[in-house]
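Novice: Provided below: model.txt, containing compact mmCIF, C-alpha atoms.
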```
# COMPACT_ATOMS: atom_id res chain seq x y z
CA MET D 1403 189.20 66.57 184.48
CA THR D 1404 191.94 68.16 186.55
CA ILE D 1405 192.16 69.57 190.04
CA LYS D 1406 195.06 71.66 191.26
CA ILE D 1407 195.22 72.92 194.83
CA GLU D 1408 197.52 75.62 196.19
CA ARG D 1409 197.83 77.08 199.65
CA ILE D 1410 197.41 80.85 199.86
CA GLY D 1411 197.75 82.62 203.21
CA GLY D 1412 196.64 79.62 205.24
CA ARG D 1413 193.70 78.77 202.92
CA PHE D 1414 193.40 76.27 200.06
CA ARG D 1415 192.39 77.36 196.55
CA ALA D 1416 191.25 74.79 194.02
CA ASP D 1417 191.72 75.21 190.26
CA ILE D 1418 189.17 72.89 188.62
CA SER D 1419 188.85 72.35 184.86
CA LEU D 1420 186.53 69.83 183.16
CA TYR D 1421 183.85 69.10 180.57
CA ASP D 1422 180.46 68.48 182.20
CA SER D 1423 178.03 65.70 181.29
CA GLU D 1424 176.62 67.80 178.44
CA GLY D 1425 180.06 68.60 176.96
CA THR D 1426 180.32 72.16 178.25
CA TYR D 1427 183.78 73.22 179.40
CA HIS D 1428 184.17 74.74 182.87
CA ARG D 1429 187.12 76.20 184.68
CA GLU D 1430 186.73 77.45 188.22
CA ARG D 1431 189.17 78.85 190.73
CA LYS D 1432 187.80 79.18 194.26
CA PHE D 1433 188.79 78.69 197.87
CA VAL D 1434 187.52 75.45 199.35
CA PRO D 1435 186.99 74.62 203.03
CA GLY D 1436 189.44 72.35 204.82
CA ALA D 1437 191.97 72.53 207.65
CA THR D 1438 194.30 70.10 205.88
CA LEU D 1439 195.29 69.43 202.27
CA GLU D 1440 193.38 66.12 202.36
CA GLU D 1441 190.15 67.83 203.47
CA ALA D 1442 190.59 70.48 200.80
CA ARG D 1443 191.03 67.74 198.15
CA ARG D 1444 187.82 66.01 199.24
CA ASN D 1445 185.84 69.26 199.07
CA ALA D 1446 187.35 70.13 195.71
CA LYS D 1447 186.40 66.68 194.41
CA ALA D 1448 182.83 67.18 195.61
CA ARG D 1449 182.72 70.48 193.75
CA GLU D 1450 184.09 68.78 190.63
CA ASN D 1451 181.32 66.17 190.78
CA GLN D 1452 178.73 68.90 191.16
CA LEU D 1453 180.06 70.73 188.11
CA TYR D 1454 180.07 67.53 186.09
CA ASN D 1455 176.48 66.62 186.97
CA HIS D 1456 174.83 70.05 187.09
CA GLY D 1457 177.22 72.45 185.40
CA ALA D 1458 177.57 75.85 186.95
CA LYS D 1459 173.90 75.83 188.00
CA PRO D 1460 173.26 75.40 191.71
CA PRO D 1461 172.09 71.90 192.64
CA PRO D 1462 168.34 71.43 192.87
CA LYS D 1463 166.92 72.52 196.20
CA GLN D 1464 166.19 69.71 198.61
CA ALA D 1465 162.65 69.89 199.95
CA PRO D 1466 162.45 69.75 203.75
CA SER D 1467 160.87 66.76 205.42
CA LEU D 1468 157.36 67.00 206.80
CA ARG D 1469 158.85 66.89 210.31
CA GLU D 1470 161.23 69.82 209.59
CA PHE D 1471 158.65 71.95 207.81
CA GLY D 1472 155.90 71.11 210.31
CA GLU D 1473 157.82 72.76 213.13
CA ARG D 1474 158.47 75.81 210.98
CA TRP D 1475 154.83 75.93 209.82
CA ILE D 1476 153.55 76.04 213.38
CA ARG D 1477 156.05 78.75 214.37
CA GLU D 1478 156.16 80.95 211.26
CA TYR D 1479 152.61 80.52 210.01
CA ALA D 1480 150.14 79.54 212.74
CA ILE D 1481 151.74 81.49 215.60
CA ALA D 1482 152.99 84.36 213.39
CA ASN D 1483 149.47 84.92 212.01
CA GLY D 1484 147.93 85.11 215.47
CA GLN D 1485 145.80 82.00 215.27
CA LYS D 1486 143.90 81.09 218.42
CA PRO D 1487 145.82 79.00 220.96
CA SER D 1488 143.20 76.26 220.61
CA SER D 1489 143.75 76.13 216.83
CA ILE D 1490 147.53 75.99 217.22
CA ALA D 1491 147.24 73.23 219.81
CA ALA D 1492 144.93 71.24 217.51
CA LYS D 1493 147.43 71.48 214.64
CA GLU D 1494 150.30 70.42 216.91
CA THR D 1495 148.29 67.44 218.16
CA ILE D 1496 147.39 66.30 214.63
CA LEU D 1497 151.02 66.58 213.54
CA ARG D 1498 152.29 64.64 216.55
CA LEU D 1499 149.66 61.89 216.64
CA HIS D 1500 148.75 61.33 213.00
CA LEU D 1501 151.02 62.98 210.41
CA LEU D 1502 154.56 62.61 211.74
CA PRO D 1503 154.36 58.89 212.57
CA VAL D 1504 153.35 58.10 208.96
CA LEU D 1505 154.87 60.85 206.79
CA GLY D 1506 157.30 62.72 209.05
CA ALA D 1507 160.54 61.48 207.44
CA LEU D 1508 159.41 62.10 203.86
CA PRO D 1509 160.55 65.21 201.92
CA LEU D 1510 157.48 67.29 201.09
CA ASP D 1511 157.91 66.80 197.34
CA GLN D 1512 157.66 63.04 197.82
CA ILE D 1513 154.20 63.20 199.37
CA GLY D 1514 151.76 62.22 196.64
CA GLU D 1515 148.54 60.27 196.27
CA PRO D 1516 150.04 56.88 197.29
CA GLU D 1517 151.40 58.41 200.51
CA VAL D 1518 148.07 60.11 201.25
CA GLN D 1519 146.27 56.80 200.74
CA ARG D 1520 148.71 55.16 203.16
CA LEU D 1521 147.85 57.89 205.67
CA LYS D 1522 144.12 57.29 205.19
CA LEU D 1523 144.68 53.59 205.87
CA GLN D 1524 146.36 54.46 209.16
CA LEU D 1525 143.41 56.68 210.06
CA SER D 1526 140.84 53.93 209.54
CA GLY D 1527 138.82 53.38 212.68
CA LEU D 1528 138.77 57.06 213.61
CA ARG D 1529 135.69 59.25 213.27
CA ASP D 1530 135.17 60.80 209.83
CA LYS D 1531 135.39 64.25 211.41
CA THR D 1532 138.83 63.44 212.84
CA LYS D 1533 140.02 62.09 209.48
CA GLY D 1534 138.80 65.25 207.80
CA CYS D 1535 140.69 67.44 210.28
CA VAL D 1536 143.93 65.48 209.71
CA LEU D 1537 143.68 65.79 205.92
CA SER D 1538 142.77 69.47 206.23
CA VAL D 1539 145.92 70.16 208.28
CA LEU D 1540 148.07 68.26 205.76
CA THR D 1541 146.52 70.21 202.87
CA GLY D 1542 147.06 73.55 204.62
CA LEU D 1543 150.69 72.70 205.41
CA LEU D 1544 151.45 71.67 201.81
CA LYS D 1545 149.74 74.77 200.39
CA THR D 1546 151.91 76.95 202.62
CA ALA D 1547 155.03 75.06 201.51
CA HIS D 1548 154.05 75.72 197.89
CA ARG D 1549 153.52 79.44 198.49
CA TRP D 1550 156.90 79.63 200.23
CA GLY D 1551 158.66 77.94 197.30
CA GLU D 1552 159.52 74.69 199.09
CA ILE D 1553 157.63 72.48 196.62
CA GLN D 1554 156.56 72.94 193.00
CA ALA D 1555 153.02 71.58 193.30
CA VAL D 1556 150.45 70.50 195.88
CA PRO D 1557 149.16 66.95 195.48
CA HIS D 1558 145.42 66.45 195.19
CA ILE D 1559 144.02 65.32 198.53
CA ALA D 1560 140.42 64.16 198.26
CA ARG D 1561 138.32 65.23 201.19
CA ILE D 1562 136.39 62.75 203.28
CA LYS D 1563 132.67 63.36 203.29
CA VAL D 1564 131.66 63.92 206.89
CA ALA D 1565 128.13 62.93 207.82
CA GLN D 1566 126.31 65.46 209.98
CA GLU D 1567 126.50 64.24 213.56
CA GLU D 1568 123.41 64.14 215.72
CA MET D 1569 123.30 67.06 218.14
CA GLU D 1570 122.83 66.37 221.82
CA PHE D 1571 120.15 68.55 223.42
CA TYR D 1572 117.50 68.42 226.13
CA ASP D 1573 113.85 68.41 225.20
CA PHE D 1574 111.55 70.86 226.98
CA GLU D 1575 110.64 68.52 229.85
CA GLU D 1576 114.27 67.44 230.42
CA TRP D 1577 115.41 71.06 230.30
CA GLU D 1578 112.99 72.07 233.05
CA ARG D 1579 114.14 69.13 235.16
CA LEU D 1580 117.78 70.14 234.61
CA VAL D 1581 117.07 73.76 235.64
CA GLU D 1582 115.32 72.56 238.80
CA GLY D 1583 118.24 70.28 239.59
CA ALA D 1584 120.71 73.12 239.03
CA ALA D 1585 118.72 75.34 241.40
CA ARG D 1586 118.97 72.67 244.09
CA ALA D 1587 122.75 72.47 243.48
CA GLY D 1588 123.20 76.19 244.22
CA PRO D 1589 122.93 79.65 242.62
CA VAL D 1590 126.30 79.49 240.82
CA VAL D 1591 125.46 76.13 239.25
CA LEU D 1592 122.05 77.46 238.21
CA CYS D 1593 123.56 80.57 236.63
CA ALA D 1594 126.12 78.50 234.70
CA ILE D 1595 123.45 76.13 233.36
CA LEU D 1596 121.19 79.00 232.30
CA LEU D 1597 124.03 80.86 230.57
CA GLY D 1598 124.51 77.78 228.41
CA GLY D 1599 120.90 76.73 227.86
CA ALA D 1600 119.00 80.03 228.01
CA ALA D 1601 121.62 82.25 226.30
CA GLY D 1602 123.62 79.79 224.18
CA LEU D 1603 127.08 80.62 225.50
CA ARG D 1604 129.95 78.26 224.83
CA ARG D 1605 131.82 76.90 227.84
CA GLY D 1606 134.85 79.16 227.25
CA GLU D 1607 132.55 82.17 226.85
CA VAL D 1608 130.96 81.46 230.23
CA VAL D 1609 134.41 81.18 231.84
CA ALA D 1610 135.53 84.52 230.35
CA LEU D 1611 132.35 86.41 231.26
CA ASP D 1612 132.83 89.46 233.48
CA GLN D 1613 130.18 91.00 235.72
CA ALA D 1614 130.38 94.15 233.60
CA ASP D 1615 129.29 92.09 230.57
CA VAL D 1616 125.85 91.49 232.09
CA GLY D 1617 123.42 94.36 232.65
CA GLY D 1618 120.53 96.32 231.25
CA GLY D 1619 118.71 93.13 230.33
CA TYR D 1620 121.50 91.83 228.08
CA VAL D 1621 124.64 89.72 228.23
CA THR D 1622 127.45 90.85 225.92
CA VAL D 1623 129.67 88.02 224.74
CA SER D 1624 133.02 89.21 223.42
CA ARG D 1625 135.67 86.87 224.85
CA ASN D 1626 136.48 83.18 225.09
CA ASP D 1627 138.78 81.41 227.53
CA TRP D 1628 140.74 78.35 226.38
CA ARG D 1629 142.97 76.82 229.06
CA GLY D 1630 143.70 80.22 230.54
CA HIS D 1631 144.21 81.97 227.19
CA VAL D 1632 141.60 84.70 226.78
CA GLY D 1633 140.86 85.81 223.23
CA SER D 1634 137.99 86.66 220.93
CA THR D 1635 134.97 84.43 220.46
CA LYS D 1636 135.04 81.57 217.97
CA GLY D 1637 133.50 83.70 215.22
CA GLY D 1638 135.68 86.68 216.10
CA LYS D 1639 132.68 88.95 216.75
CA SER D 1640 130.87 90.00 219.90
CA ARG D 1641 127.11 89.54 220.31
CA ARG D 1642 124.36 90.79 222.65
CA ILE D 1643 121.78 88.35 223.93
CA PRO D 1644 118.63 89.39 225.82
CA LEU D 1645 118.38 87.90 229.31
CA SER D 1646 115.38 85.75 230.09
CA PRO D 1647 113.73 86.69 233.40
CA ARG D 1648 115.00 83.47 234.96
CA LEU D 1649 118.59 84.12 233.83
CA GLU D 1650 118.45 87.76 234.92
CA ALA D 1651 117.38 86.68 238.42
CA ALA D 1652 120.16 84.06 238.51
CA VAL D 1653 122.80 86.65 237.58
CA SER D 1654 121.57 88.99 240.32
CA GLU D 1655 121.86 86.14 242.80
CA VAL D 1656 125.57 85.54 242.09
CA ARG D 1657 126.76 89.17 242.08
CA HIS D 1658 129.85 89.55 244.31
CA LEU D 1659 132.89 91.70 245.11
CA ARG D 1660 135.60 89.04 244.75
CA GLY D 1661 136.81 90.04 241.29
CA PRO D 1662 135.77 90.98 237.76
CA ARG D 1663 134.61 87.55 236.59
CA LEU D 1664 130.93 86.72 236.92
CA LEU D 1665 131.18 83.15 238.18
CA TYR D 1666 133.33 82.00 241.08
CA PHE D 1667 133.57 78.45 242.42
CA ASN D 1668 135.09 77.97 245.89
CA ASP D 1669 136.66 81.43 245.90
CA HIS D 1670 138.33 81.13 242.49
CA PRO D 1671 137.13 82.24 239.03
CA ALA D 1672 135.27 79.58 237.09
CA THR D 1673 137.25 77.17 234.93
CA ALA D 1674 136.15 74.68 232.28
CA LEU D 1675 136.52 71.92 234.85
CA ASP D 1676 134.23 73.80 237.25
CA LEU D 1677 131.54 74.01 234.56
CA ASN D 1678 131.83 70.29 233.84
CA ARG D 1679 131.37 69.59 237.53
CA ALA D 1680 128.42 72.00 237.68
CA MET D 1681 126.83 70.03 234.84
CA GLU D 1682 127.37 66.80 236.77
CA LYS D 1683 125.78 68.26 239.91
CA ALA D 1684 122.75 69.59 238.03
CA CYS D 1685 122.20 66.25 236.29
CA ALA D 1686 122.55 64.34 239.56
CA ARG D 1687 120.04 66.58 241.37
CA ALA D 1688 117.65 66.35 238.40
CA GLY D 1689 117.91 62.56 238.15
CA LEU D 1690 119.21 62.82 234.58
CA PRO D 1691 122.09 60.71 233.20
CA ARG D 1692 125.37 62.63 232.82
CA SER D 1693 125.77 61.55 229.21
CA GLN D 1694 125.81 64.96 227.59
CA SER D 1695 128.51 67.62 227.56
CA PHE D 1696 128.21 71.24 228.64
CA HIS D 1697 128.01 72.07 224.92
CA ALA D 1698 124.67 70.25 224.85
CA LEU D 1699 123.25 73.30 226.64
CA ARG D 1700 124.15 75.47 223.65
CA HIS D 1701 122.52 72.94 221.33
CA THR D 1702 119.47 73.02 223.59
CA PHE D 1703 119.29 76.81 223.20
CA GLY D 1704 119.41 76.63 219.39
CA SER D 1705 117.04 73.67 219.18
CA HIS D 1706 114.41 75.26 221.41
CA LEU D 1707 114.54 78.50 219.43
CA ALA D 1708 113.93 76.56 216.21
CA MET D 1709 111.09 74.55 217.76
CA LYS D 1710 109.44 77.77 218.95
CA GLY D 1711 109.56 79.20 215.42
CA ALA D 1712 112.38 81.75 215.68
CA PRO D 1713 113.67 82.88 212.24
CA VAL D 1714 116.91 81.26 211.13
CA THR D 1715 118.70 84.61 210.87
CA THR D 1716 117.75 85.47 214.44
CA ILE D 1717 119.07 82.14 215.69
CA GLN D 1718 122.29 82.72 213.74
CA LYS D 1719 122.74 86.15 215.34
CA LEU D 1720 122.01 84.96 218.88
CA MET D 1721 124.35 81.99 218.60
CA GLY D 1722 127.13 83.91 216.89
CA HIS D 1723 127.43 81.59 213.90
CA ALA D 1724 129.75 82.96 211.23
CA ASN D 1725 128.08 80.82 208.56
CA ILE D 1726 124.34 80.26 208.31
CA ARG D 1727 124.99 76.62 207.39
CA GLU D 1728 125.85 76.05 211.05
CA THR D 1729 122.44 77.42 212.02
CA MET D 1730 120.57 75.35 209.44
CA ARG D 1731 121.40 72.21 211.45
CA TYR D 1732 118.65 73.27 213.87
CA MET D 1733 115.97 74.14 211.36
CA HIS D 1734 114.70 70.60 210.79
CA LEU D 1735 113.29 70.94 214.31
CA ALA D 1736 111.14 73.94 213.37
CA LYS D 1737 107.60 72.82 214.18
CA GLY D 1738 105.27 72.64 211.21
CA SER D 1739 107.74 74.16 208.74
CA ALA D 1740 107.25 71.39 206.18
CA GLU D 1741 103.47 71.34 206.62
CA ALA D 1742 103.26 75.12 206.29
CA ALA D 1743 105.31 75.04 203.08
CA ILE D 1744 103.04 72.40 201.47
CA ALA D 1745 99.96 74.38 202.52
CA LEU D 1746 101.20 77.28 200.43
CA LEU D 1747 100.76 75.14 197.31
CA GLU D 1748 97.05 74.84 197.99
CA GLN D 1749 96.34 78.54 198.43
CA GLY D 1750 93.82 79.57 195.76
CA ASN D 1751 93.48 76.00 194.46
CA GLY D 1752 90.68 74.62 196.71
CA PRO D 1753 87.04 73.75 195.76
CA LYS D 1754 85.99 77.42 195.78
CA ALA D 1755 88.69 78.28 193.27
CA LEU D 1756 87.68 75.28 191.14
CA LYS D 1757 84.01 76.40 191.04
CA GLU D 1758 85.04 79.92 190.08
CA THR D 1759 87.13 78.49 187.26
CA GLN D 1760 84.20 76.39 186.03
CA ARG D 1761 81.85 79.40 186.11
CA GLY D 1762 84.35 81.36 184.10
```
Could the structure of this file be written out as structure tokens, please?

Specialist:
Amino acid sequence: MTIKIERIGGRFRADISLYDSEGTYHRERKFVPGATLEEARRNAKARENQLYNHGAKPPPKQAPSLREFGERWIREYAIANGQKPSSIAAKETILRLHLLPVLGALPLDQIGEPEVQRLKLQLSGLRDKTKGCVLSVLTGLLKTAHRWGEIQAVPHIARIKVAQEEMEFYDFEEWERLVEGAARAGPVVLCAILLGGAAGLRRGEVVALDQADVGGGYVTVSRNDWRGHVGSTKGGKSRRIPLSPRLEAAVSEVRHLRGPRLLYFNDHPATALDLNRAMEKACARAGLPRSQSFHALRHTFGSHLAMKGAPVTTIQKLMGHANIRETMRYMHLAKGSAEAAIALLEQGNGPKALKETQRG
């Protein structure tokens, strides 16, 4: 192996000749970086070592670390594809709190089953739903890295089976007490509670509701507000919900000229915090414990529809579920559904049918 260096016009050119590790001869003349002869020699020596170990082929690409690629993934994938601000924030939180502390320094191609198991160990004690979200984000990140050519394969990441959580909702008697308490707390509080429990709106959908969205006996839900970011609804589609007489009267009571939004609290448009406080006031006036979230009103809407016998497809449409599996969570509450199904087995098989069979 020989290296010769000559200075040409203020630059250093290296003439390298050698046999690589597989016995193939190489000779290469190229300019090498370096302000001094010593720096040029060091860079030429590094190039010689590269030729010896890898030949003329470029060295294998170094996979980025999870920390490096995670920042790029948020910027060039989540944000670039127009994901909802809430989704982006959730991914950033999972990266910061759960993935980076355990796997952040590792190159992506060194994340395999042992590393995933180590992550699962660190997640022990968290809710299964949270664990599932963390593993889902890791899987999505690695799949993107594979599509972008950063890694050759995606490791298998077994999902955690998430048990269906019990839904919080008010029974019929509690609901009437809550509505009465909301009425005593004021017309705006009453309207907010009814929008959640008598129309099934999510908290962000109530915040984003304009006066123009309510009229003609219907409320049109087409927007969602998340921390001041207004976008489409969770399912991405708008829906029209008939107003109950009680909700229609409540909407008429809060009509105003202060701005486009339907609900105002203390001369400012409603926020998520305002709705939480409205829930607290309604519960306090109704003598109910404040143990349930505003989202419990939406669960109350779906549960009451199922108990009253509404078809599952109608409930899905009114609640804006993208997948009917979300709606099926309510159907175990449908009164008499199991009994009615068993009764179908007996149609035509009673004593009269038996006598007719015997006569035949």

Novice: Please list as a PyMOL selection string every residue within 9 Å of Leu1699 in chain D, counting all atoms listed in the file and excluding residues in the same chain fewer than 6 positions away.

Specialist: chain D and resi 1570-1572+1577+1595-1600+1602-1604

Novice: Using Å and a single decimal, report how far CA of Arg1549 in chain D sits from CA of Ile1490 in chain D.

Specialist: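 Separating CA of Ile1490 in chain D from CA of Arg1549 in chain D is a distance of 20.0 Å.
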
Novice: Write out as a PyMOL selection string which residues come within 7 Å of range 1413-1420 of chain D when counting only C-alpha atoms, dropping same-chain ones fewer than 5 positions away.

Specialist: chain D and resi 1403-1408+1427-1434+1442+1446+1450

Novice: Could you pull out every residue with an atom within 12 Å of (110.7, 85.5, 225.6), file coordinates, counting only C-alpha atoms, and send them as an MDAnalysis selection string?

Specialist: chainID D and resid 1600:1601 1643:1649 1706:1707 1710 1712

Novice: Could you work out an axis-aligned box for range 1442-1452 of chain D, taking every atom the file lists and adding 5 Å on each side, and report centre and edge lengths in Å to one decimal, as AutoDock Vina command-line options?

Specialist:
```
--center_x 184.9 --center_y 68.2 --center_z 195.7 --size_x 22.3 --size_y 14.5 --size_z 20.2
```

Novice: Using only C-alpha atoms, can you tell me which of D:Arg1657, D:Arg1498, D:Arg1692, D:Lys1486 comes closest to Val1539 in chain D?

Specialist: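 Smallest distance to Val1539 in chain D is found for D:Arg1498.
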
Novice: Using all atoms listed in the file, which of the listed residues (D:Ala1652, D:Ala1482, D:Leu1580, D:Leu1497) sits closest to Gly1689 in chain D?

Specialist: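 Smallest distance to Gly1689 in chain D is found for D:Leu1580.
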
Novice: One number please: CA of Phe1667 in chain D to CA of Ser1705 in chain D, in Å, one decimal.

Specialist: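 Computing the Euclidean distance for CA of Phe1667 in chain D and CA of Ser1705 in chain D yields 28.9 Å.
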
Novice: Expressed in Å to a single decimal, how great is the separation between CA of Glu1552 in chain D and CA of Arg1474 in chain D?

Specialist: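 For CA of Glu1552 in chain D relative to CA of Arg1474 in chain D, the distance reads 12.0 Å.
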
Novice: Give me the residues of range 1693-1747 of chain D that have any atom at most 12 Å from an atom of range 1669-1680 of chain D; for each, the nearest atom pair and the distance in Å, rounded to one decimal. Use all atoms listed in the file, sort by chain and number, and format it as JSON lines.

Specialist:
```
{"residue": "D:Ser1693", "atom": "CA", "partner": "D:Asn1678", "partner_atom": "CA", "distance": 11.6}
{"residue": "D:Gln1694", "atom": "CA", "partner": "D:Asn1678", "partner_atom": "CA", "distance": 10.2}
{"residue": "D:Ser1695", "atom": "CA", "partner": "D:Asn1678", "partner_atom": "CA", "distance": 7.6}
{"residue": "D:Phe1696", "atom": "CA", "partner": "D:Asn1678", "partner_atom": "CA", "distance": 6.4}
{"residue": "D:His1697", "atom": "CA", "partner": "D:Asn1678", "partner_atom": "CA", "distance": 9.9}
{"residue": "D:Ala1698", "atom": "CA", "partner": "D:Asn1678", "partner_atom": "CA", "distance": 11.5}
{"residue": "D:Leu1699", "atom": "CA", "partner": "D:Leu1677", "partner_atom": "CA", "distance": 11.5}
```

Novice: When you count all atoms listed in the file, which of these residues is closest to Leu1664 in chain D: D:Gln1718, D:Gln1613, D:Ser1624, D:Ser1423?

Specialist: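 Of D:Gln1718, D:Gln1613, D:Ser1624, D:Ser1423, the one nearest Leu1664 in chain D is D:Gln1613, counting all atoms listed in the file.
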